[in-house]
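Worksheet: one structure, shown below.
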Amino acid sequence: MTKVGRNNLRTMCAAAAIVAGICSTAPAAQAAPVPNCGAWQADTIASGLQQLENLAPDGHRGFYISGESRLYHIDEAGRVRTVLDDLPVPRGLQVDGTDLYLATGRDGAVSRYDIATGYITKLATMTAPNGLLRLPDGDILTTWVGTDVGVPDTGVSRYHHDSATVQPNWSPVPRSEGLALSPDHQFVYSDDLFTGQIIRIPLDSPDRWTVVATVPGGLPGLDDLTMSRSGELYVAAHLAGLIYRVDPDTGAMCTIDTGLPTGWGGPSSVRIAPDGDHWALYVTGFDGTLRRLRPPADSDLKPVLTP
């Protein structure tokens, strides 16, 4: 078994153990059916890649995508090239101009990759970083998902760029996966792989985090999320093979069901990016595929603006 395979097995065993604990203590409840969001259409941009973890629009109608050990670039025409190889489990990504910020899970590094020169600068070491979000002020947040056996809980950690220091448990949420910034830049949203909870964290008081919605279905496997300029969250439910659209103010939600894989091969990350003169959702999967999900014509789908 490969090292990546052992990591996957360990992750699945940890997930099973945590879910068993949750299920043994949680009361049974009958969830109301979640309506469908309408007629979204899916097509494939690229396939046959490694198990894909995260993606970041490059600002030029292409994407950087993290695999099991590789960083890929996929251009507007769907052409794939390997940018970096033999990485220690790349996870969260974000592009800012000519810089790409990258978290790697095995060595705990958060690094900056200079797209123009190919030079990599290690910024910090953080405990098992998973999701990554660079804030408008230049600080970086990472999440602790809870699947790394024997690793202490660090909640959402913050890298302070001005002092080059790491603040573990900046927001002491029990577990979290993805990270998304609100349109007004006052909140960060995250999600819990095991409970289906969607979490709101005020940037000015991160210890006062709250649960704003819970995706039903036992174990949907929430893996990542993004937010639209109109304030709606799009959440990738890995095991359920669905994208949920959630109103964080009311908890109302619907499903985007386009036949994405369910189970281990399901959706792992979701972002809003250009599609010609319009916008679409782009979704990575553990099945090694990047897909485009085109919304109905009346959808208000635009990404959050950042400085």
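Residue names in the structure tokens use chain letters A, B, ... in the order shown, residue numbers from 1 in each chain, and ligand numbers from 1 in the order shown.
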Which residues, written as a short mmCIF file (atom, residue, chain, number, x, y, z; two decimals) with N, CA, C and O atoms, in the first residue's frame, have at least one atom at most 7 Å from stretch 100-110 of chain A, with only C-alpha atoms counted and residues fewer than 6 positions away on the same chain left out?
```cif
data_model
loop_
_atom_site.label_atom_id
_atom_site.label_comp_id
_atom_site.auth_asym_id
_atom_site.auth_seq_id
_atom_site.Cartn_x
_atom_site.Cartn_y
_atom_site.Cartn_z
N PRO A 88 4.25 17.09 -0.10
CA PRO A 88 3.79 16.32 1.06
C PRO A 88 2.31 16.56 1.37
O PRO A 88 1.95 17.25 2.31
N VAL A 89 1.45 16.01 0.55
CA VAL A 89 -0.01 16.08 0.66
C VAL A 89 -0.51 17.52 0.56
O VAL A 89 -0.88 18.15 1.56
N PRO A 90 -0.53 18.10 -0.64
CA PRO A 90 -1.05 19.46 -0.80
C PRO A 90 -2.54 19.53 -0.53
O PRO A 90 -3.28 18.62 -0.89
N ARG A 91 -2.95 20.62 0.10
CA ARG A 91 -4.36 20.79 0.47
C ARG A 91 -4.86 22.15 -0.01
O ARG A 91 -5.00 22.39 -1.18
N GLY A 92 -5.15 23.07 0.92
CA GLY A 92 -5.77 24.34 0.56
C GLY A 92 -4.88 25.20 -0.32
O GLY A 92 -3.65 25.23 -0.16
N LEU A 93 -5.54 25.94 -1.24
CA LEU A 93 -4.86 26.82 -2.19
C LEU A 93 -5.58 28.16 -2.26
O LEU A 93 -6.80 28.22 -2.11
N GLN A 94 -4.83 29.21 -2.56
CA GLN A 94 -5.44 30.49 -2.92
C GLN A 94 -4.45 31.31 -3.72
O GLN A 94 -3.27 31.42 -3.36
N LYS A 122 8.62 29.17 2.38
CA LYS A 122 7.84 28.64 3.51
C LYS A 122 7.58 29.76 4.50
O LYS A 122 8.51 30.41 4.98
N LEU A 123 6.31 30.00 4.79
CA LEU A 123 5.92 31.09 5.68
C LEU A 123 5.80 30.63 7.13
O LEU A 123 6.15 31.36 8.05
N ALA A 124 5.25 29.43 7.33
CA ALA A 124 4.98 28.98 8.70
C ALA A 124 4.76 27.48 8.72
O ALA A 124 4.48 26.86 7.69
N THR A 125 4.87 26.91 9.92
CA THR A 125 4.48 25.53 10.17
C THR A 125 3.25 25.54 11.07
O THR A 125 3.27 26.15 12.15
N MET A 126 2.18 24.89 10.62
CA MET A 126 0.92 24.86 11.36
C MET A 126 0.51 23.41 11.53
O MET A 126 0.94 22.53 10.78
N THR A 127 -0.31 23.13 12.51
CA THR A 127 -0.70 21.76 12.82
C THR A 127 -1.71 21.24 11.82
O THR A 127 -2.85 21.71 11.77
N ALA A 128 -1.30 20.27 11.00
CA ALA A 128 -2.18 19.57 10.05
C ALA A 128 -3.12 20.53 9.31
O ALA A 128 -4.33 20.38 9.35
N PRO A 129 -2.58 21.54 8.61
CA PRO A 129 -3.46 22.49 7.93
C PRO A 129 -4.23 21.83 6.80
O PRO A 129 -3.70 21.00 6.07
N ASN A 130 -5.49 22.20 6.67
CA ASN A 130 -6.33 21.61 5.63
C ASN A 130 -6.86 22.72 4.71
O ASN A 130 -6.28 23.01 3.69
N LEU A 132 -7.50 26.62 3.54
CA LEU A 132 -6.65 27.81 3.62
C LEU A 132 -7.42 28.99 3.06
O LEU A 132 -8.09 28.89 2.03
#
```
Which residues, written as a list in words, have at least one atom at most 10 Å from A:Leu219, with only C-alpha atoms counted and residues fewer than 5 positions away on the same chain left out?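 In the requested format, the answer is Val19, Cys23, Leu193, Phe194, Thr195, Gly196, Ala237, His238, Leu239 and Ala240 of chain A.
Considering the residues A:Ala297, A:Leu52, A:Ile140, A:Val145 and counting only C-alpha atoms, A:Pro267 has its shortest atom-to-atom contact with A:Leu52.
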Which value, in Å to one decimal, gives the distance between atom CA of A:Gly178 and atom CA of A:Cys37? 21.7 Å
Output as a ChimeraX atom specification all residues of stretch 71-128 of chain A that backbone DSSP marks as strand (DSSP E). /A:71-74,80-84,90-96,99-104,109-114,120-125
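Nearest to A:Tyr72 of all the residues A:Leu203, A:Leu301, A:Ala252, A:Leu290 is A:Leu290, based on only C-alpha atoms.
Interatomic distance, atom CA of A:Met227 to atom CA of A:Tyr244: 11.4 Å.
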Interatomic distance (Å, one decimal) between atom CA of A:Asn36 and atom CA of A:Leu233: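 Atom CA of A:Leu233 lies 15.0 Å from atom CA of A:Asn36.
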Do a neighbour search on stretch 55-66 of chain A at 9 Å with only C-alpha atoms, toss out local chain neighbours closer than 3 positions, and write the hits as an mmCIF file with N, CA, C and O atoms, in the first residue's frame.
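Result saved to result24.cif:
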```cif
data_model
loop_
_atom_site.group_PDB
_atom_site.id
_atom_site.type_symbol
_atom_site.label_atom_id
_atom_site.label_comp_id
_atom_site.auth_asym_id
_atom_site.auth_seq_id
_atom_site.Cartn_x
_atom_site.Cartn_y
_atom_site.Cartn_z
ATOM 1 N N GLN A 50 -4.816 12.904 -10.357
ATOM 2 C CA GLN A 50 -4.763 12.337 -9.019
ATOM 3 C C GLN A 50 -6.052 12.665 -8.257
ATOM 4 O O GLN A 50 -6.873 13.470 -8.704
ATOM 5 N N GLN A 51 -6.222 12.052 -7.123
ATOM 6 C CA GLN A 51 -7.315 12.407 -6.223
ATOM 7 C C GLN A 51 -7.204 13.898 -5.901
ATOM 8 O O GLN A 51 -6.209 14.355 -5.348
ATOM 9 N N LEU A 52 -8.226 14.674 -6.269
ATOM 10 C CA LEU A 52 -8.128 16.134 -6.201
ATOM 11 C C LEU A 52 -8.703 16.662 -4.893
ATOM 12 O O LEU A 52 -9.788 16.263 -4.471
ATOM 13 N N SER A 69 -0.205 14.415 -4.497
ATOM 14 C CA SER A 69 1.186 14.837 -4.323
ATOM 15 C C SER A 69 1.594 15.890 -5.338
ATOM 16 O O SER A 69 2.753 16.284 -5.377
ATOM 17 N N ARG A 70 0.652 16.349 -6.150
ATOM 18 C CA ARG A 70 0.964 17.270 -7.234
ATOM 19 C C ARG A 70 0.148 18.554 -7.154
ATOM 20 O O ARG A 70 -0.976 18.562 -6.658
ATOM 21 N N LEU A 71 0.761 19.612 -7.685
ATOM 22 C CA LEU A 71 0.046 20.852 -7.956
ATOM 23 C C LEU A 71 -0.100 20.953 -9.468
ATOM 24 O O LEU A 71 0.898 20.969 -10.195
ATOM 25 N N TYR A 72 -1.342 20.987 -9.941
ATOM 26 C CA TYR A 72 -1.629 21.097 -11.364
ATOM 27 C C TYR A 72 -2.020 22.523 -11.719
ATOM 28 O O TYR A 72 -2.540 23.269 -10.882
ATOM 29 N N HIS A 73 -1.820 22.862 -13.007
ATOM 30 C CA HIS A 73 -2.464 24.030 -13.584
ATOM 31 C C HIS A 73 -3.302 23.571 -14.760
ATOM 32 O O HIS A 73 -2.858 22.763 -15.590
ATOM 33 N N ILE A 74 -4.544 24.045 -14.820
ATOM 34 C CA ILE A 74 -5.444 23.756 -15.934
ATOM 35 C C ILE A 74 -5.847 25.080 -16.557
ATOM 36 O O ILE A 74 -6.387 25.954 -15.869
ATOM 37 N N ASP A 75 -5.541 25.260 -17.846
ATOM 38 C CA ASP A 75 -5.832 26.540 -18.484
ATOM 39 C C ASP A 75 -7.266 26.579 -19.010
ATOM 40 O O ASP A 75 -8.044 25.623 -18.846
ATOM 41 N N GLU A 76 -7.612 27.704 -19.625
ATOM 42 C CA GLU A 76 -8.989 27.924 -20.082
ATOM 43 C C GLU A 76 -9.433 26.864 -21.083
ATOM 44 O O GLU A 76 -10.620 26.512 -21.152
ATOM 45 N N ALA A 77 -8.509 26.324 -21.856
ATOM 46 C CA ALA A 77 -8.833 25.307 -22.857
ATOM 47 C C ALA A 77 -8.874 23.899 -22.276
ATOM 48 O O ALA A 77 -9.118 22.934 -23.008
ATOM 49 N N GLY A 78 -8.619 23.763 -20.965
ATOM 50 C CA GLY A 78 -8.632 22.454 -20.336
ATOM 51 C C GLY A 78 -7.314 21.711 -20.412
ATOM 52 O O GLY A 78 -7.244 20.533 -20.057
ATOM 53 N N VAL A 83 2.675 21.453 -12.206
ATOM 54 C CA VAL A 83 3.516 22.577 -11.801
ATOM 55 C C VAL A 83 4.559 22.134 -10.786
ATOM 56 O O VAL A 83 5.740 22.468 -10.895
ATOM 57 N N VAL A 89 1.448 16.011 0.545
ATOM 58 C CA VAL A 89 -0.014 16.081 0.664
ATOM 59 C C VAL A 89 -0.513 17.524 0.564
ATOM 60 O O VAL A 89 -0.880 18.152 1.564
ATOM 61 N N PRO A 90 -0.529 18.097 -0.635
ATOM 62 C CA PRO A 90 -1.045 19.462 -0.800
ATOM 63 C C PRO A 90 -2.541 19.531 -0.529
ATOM 64 O O PRO A 90 -3.283 18.619 -0.894
ATOM 65 N N ARG A 91 -2.951 20.618 0.095
ATOM 66 C CA ARG A 91 -4.362 20.787 0.466
ATOM 67 C C ARG A 91 -4.861 22.152 -0.009
ATOM 68 O O ARG A 91 -5.004 22.391 -1.180
ATOM 69 N N GLY A 92 -5.155 23.071 0.924
ATOM 70 C CA GLY A 92 -5.766 24.338 0.557
ATOM 71 C C GLY A 92 -4.884 25.205 -0.316
ATOM 72 O O GLY A 92 -3.653 25.230 -0.165
ATOM 73 N N LEU A 93 -5.539 25.943 -1.243
ATOM 74 C CA LEU A 93 -4.857 26.817 -2.193
ATOM 75 C C LEU A 93 -5.579 28.155 -2.263
ATOM 76 O O LEU A 93 -6.796 28.224 -2.111
ATOM 77 N N GLN A 94 -4.834 29.208 -2.557
ATOM 78 C CA GLN A 94 -5.437 30.491 -2.922
ATOM 79 C C GLN A 94 -4.447 31.309 -3.721
ATOM 80 O O GLN A 94 -3.268 31.420 -3.357
ATOM 81 N N VAL A 95 -4.927 31.881 -4.824
ATOM 82 C CA VAL A 95 -4.106 32.742 -5.668
ATOM 83 C C VAL A 95 -4.371 34.197 -5.315
ATOM 84 O O VAL A 95 -5.517 34.613 -5.131
ATOM 85 N N ASP A 96 -3.292 34.971 -5.212
ATOM 86 C CA ASP A 96 -3.385 36.412 -5.016
ATOM 87 C C ASP A 96 -2.373 37.062 -5.951
ATOM 88 O O ASP A 96 -1.170 37.082 -5.660
ATOM 89 N N GLY A 97 -2.842 37.556 -7.084
ATOM 90 C CA GLY A 97 -1.940 38.147 -8.065
ATOM 91 C C GLY A 97 -1.002 37.109 -8.650
ATOM 92 O O GLY A 97 -1.435 36.113 -9.225
ATOM 93 N N THR A 98 0.302 37.307 -8.473
ATOM 94 C CA THR A 98 1.290 36.356 -8.983
ATOM 95 C C THR A 98 1.757 35.389 -7.901
ATOM 96 O O THR A 98 2.736 34.656 -8.089
ATOM 97 N N LEU A 100 0.758 32.190 -5.224
ATOM 98 C CA LEU A 100 -0.161 31.128 -4.861
ATOM 99 C C LEU A 100 0.206 30.660 -3.456
ATOM 100 O O LEU A 100 1.361 30.305 -3.192
ATOM 101 N N LEU A 102 -0.256 27.961 -0.379
ATOM 102 C CA LEU A 102 -0.457 26.527 -0.392
ATOM 103 C C LEU A 102 -0.211 25.949 0.997
ATOM 104 O O LEU A 102 0.788 26.266 1.641
ATOM 105 N N SER A 269 -14.065 20.157 -3.479
ATOM 106 C CA SER A 269 -13.888 21.603 -3.399
ATOM 107 C C SER A 269 -14.762 22.273 -4.449
ATOM 108 O O SER A 269 -15.059 21.675 -5.489
ATOM 109 N N VAL A 270 -15.161 23.513 -4.180
ATOM 110 C CA VAL A 270 -16.039 24.245 -5.095
ATOM 111 C C VAL A 270 -15.648 25.722 -5.089
ATOM 112 O O VAL A 270 -15.355 26.295 -4.038
ATOM 113 N N ARG A 271 -15.614 26.329 -6.298
ATOM 114 C CA ARG A 271 -15.297 27.746 -6.439
ATOM 115 C C ARG A 271 -16.154 28.361 -7.545
ATOM 116 O O ARG A 271 -16.570 27.674 -8.482
ATOM 117 N N ILE A 272 -16.359 29.671 -7.443
ATOM 118 C CA ILE A 272 -17.034 30.434 -8.499
ATOM 119 C C ILE A 272 -15.960 31.044 -9.389
ATOM 120 O O ILE A 272 -15.010 31.667 -8.900
ATOM 121 N N ALA A 273 -16.101 30.864 -10.696
ATOM 122 C CA ALA A 273 -15.112 31.400 -11.639
ATOM 123 C C ALA A 273 -15.800 31.699 -12.962
ATOM 124 O O ALA A 273 -16.918 31.237 -13.218
ATOM 125 N N PRO A 274 -15.133 32.469 -13.845
ATOM 126 C CA PRO A 274 -15.771 32.849 -15.115
ATOM 127 C C PRO A 274 -16.081 31.652 -16.002
ATOM 128 O O PRO A 274 -15.364 30.654 -16.021
ATOM 129 N N ASP A 275 -17.164 31.822 -16.756
ATOM 130 C CA ASP A 275 -17.569 30.862 -17.786
ATOM 131 C C ASP A 275 -18.021 31.694 -18.982
ATOM 132 O O ASP A 275 -19.188 32.043 -19.108
ATOM 133 N N GLY A 276 -17.058 32.048 -19.853
ATOM 134 C CA GLY A 276 -17.365 32.995 -20.919
ATOM 135 C C GLY A 276 -17.712 34.336 -20.321
ATOM 136 O O GLY A 276 -16.948 34.902 -19.524
ATOM 137 N N TYR A 282 -17.128 25.579 -10.247
ATOM 138 C CA TYR A 282 -16.147 24.579 -10.663
ATOM 139 C C TYR A 282 -15.873 23.681 -9.465
ATOM 140 O O TYR A 282 -15.638 24.173 -8.350
ATOM 141 N N VAL A 283 -15.911 22.378 -9.704
ATOM 142 C CA VAL A 283 -15.899 21.407 -8.619
ATOM 143 C C VAL A 283 -14.824 20.357 -8.877
ATOM 144 O O VAL A 283 -14.791 19.746 -9.962
ATOM 145 N N THR A 284 -13.939 20.143 -7.902
ATOM 146 C CA THR A 284 -12.991 19.032 -7.966
ATOM 147 C C THR A 284 -13.588 17.820 -7.267
ATOM 148 O O THR A 284 -14.463 17.940 -6.402
ATOM 149 N N LEU A 290 -12.148 17.537 -12.752
ATOM 150 C CA LEU A 290 -12.611 18.911 -12.567
ATOM 151 C C LEU A 290 -13.844 19.099 -13.439
ATOM 152 O O LEU A 290 -13.802 18.860 -14.653
#
```
Within 6 Å of stretch 153-167 of chain A using only C-alpha atoms, minus same-chain residues under 3 positions, as a VMD selection string: chain A and resid 139 to 144 170 to 174
All residues 8 Å or closer to A:Ile243, only C-alpha atoms, same chain fewer than 5 positions away omitted, as an NGL selection string: :A and (234-237 or 255-257)
Considering only C-alpha atoms, return as a VMD selection string whatever protein or nucleic-acid residues lie within 10 Å of A:Glu232, sequence-local ones (same chain, fewer than 2 positions apart) excluded. chain A and resid 182 to 183 226 to 230 234 to 235 244 to 249 253 300 to 301
Counting only C-alpha atoms, what is within 8 Å of A:Pro202, bar same-chain residues fewer than 2 positions away, as a compact mmCIF listing (two decimals) with N, CA, C and O atoms, in the first residue's frame?
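Contents of the output file around.txt:
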```
# COMPACT_ATOMS: atom_id res chain seq x y z
N GLN A 186 -16.62 40.66 7.02
CA GLN A 186 -16.77 40.68 8.47
C GLN A 186 -16.78 39.28 9.09
O GLN A 186 -16.56 39.13 10.29
N PHE A 187 -17.03 38.27 8.26
CA PHE A 187 -17.17 36.91 8.76
C PHE A 187 -16.40 35.93 7.87
O PHE A 187 -16.16 36.20 6.69
N VAL A 188 -16.06 34.81 8.47
CA VAL A 188 -15.55 33.66 7.74
C VAL A 188 -16.48 32.49 8.00
O VAL A 188 -16.96 32.31 9.14
N ARG A 200 -20.24 30.00 11.33
CA ARG A 200 -19.90 31.40 11.04
C ARG A 200 -18.98 31.93 12.13
O ARG A 200 -19.28 31.82 13.32
N ASP A 204 -13.85 39.83 14.10
CA ASP A 204 -13.47 40.67 15.23
C ASP A 204 -13.68 39.99 16.58
O ASP A 204 -13.25 40.51 17.60
N SER A 205 -14.34 38.82 16.61
CA SER A 205 -14.51 38.07 17.85
C SER A 205 -14.60 36.57 17.52
O SER A 205 -15.66 35.97 17.63
N PRO A 206 -13.48 35.98 17.10
CA PRO A 206 -13.51 34.62 16.58
C PRO A 206 -13.88 33.55 17.59
O PRO A 206 -14.23 32.43 17.20
N ARG A 208 -16.49 33.68 19.32
CA ARG A 208 -17.95 33.67 19.37
C ARG A 208 -18.53 33.09 18.08
O ARG A 208 -19.44 33.63 17.49
N TRP A 209 -18.00 31.96 17.66
CA TRP A 209 -18.49 31.29 16.46
C TRP A 209 -19.85 30.67 16.73
O TRP A 209 -20.18 30.33 17.88
```
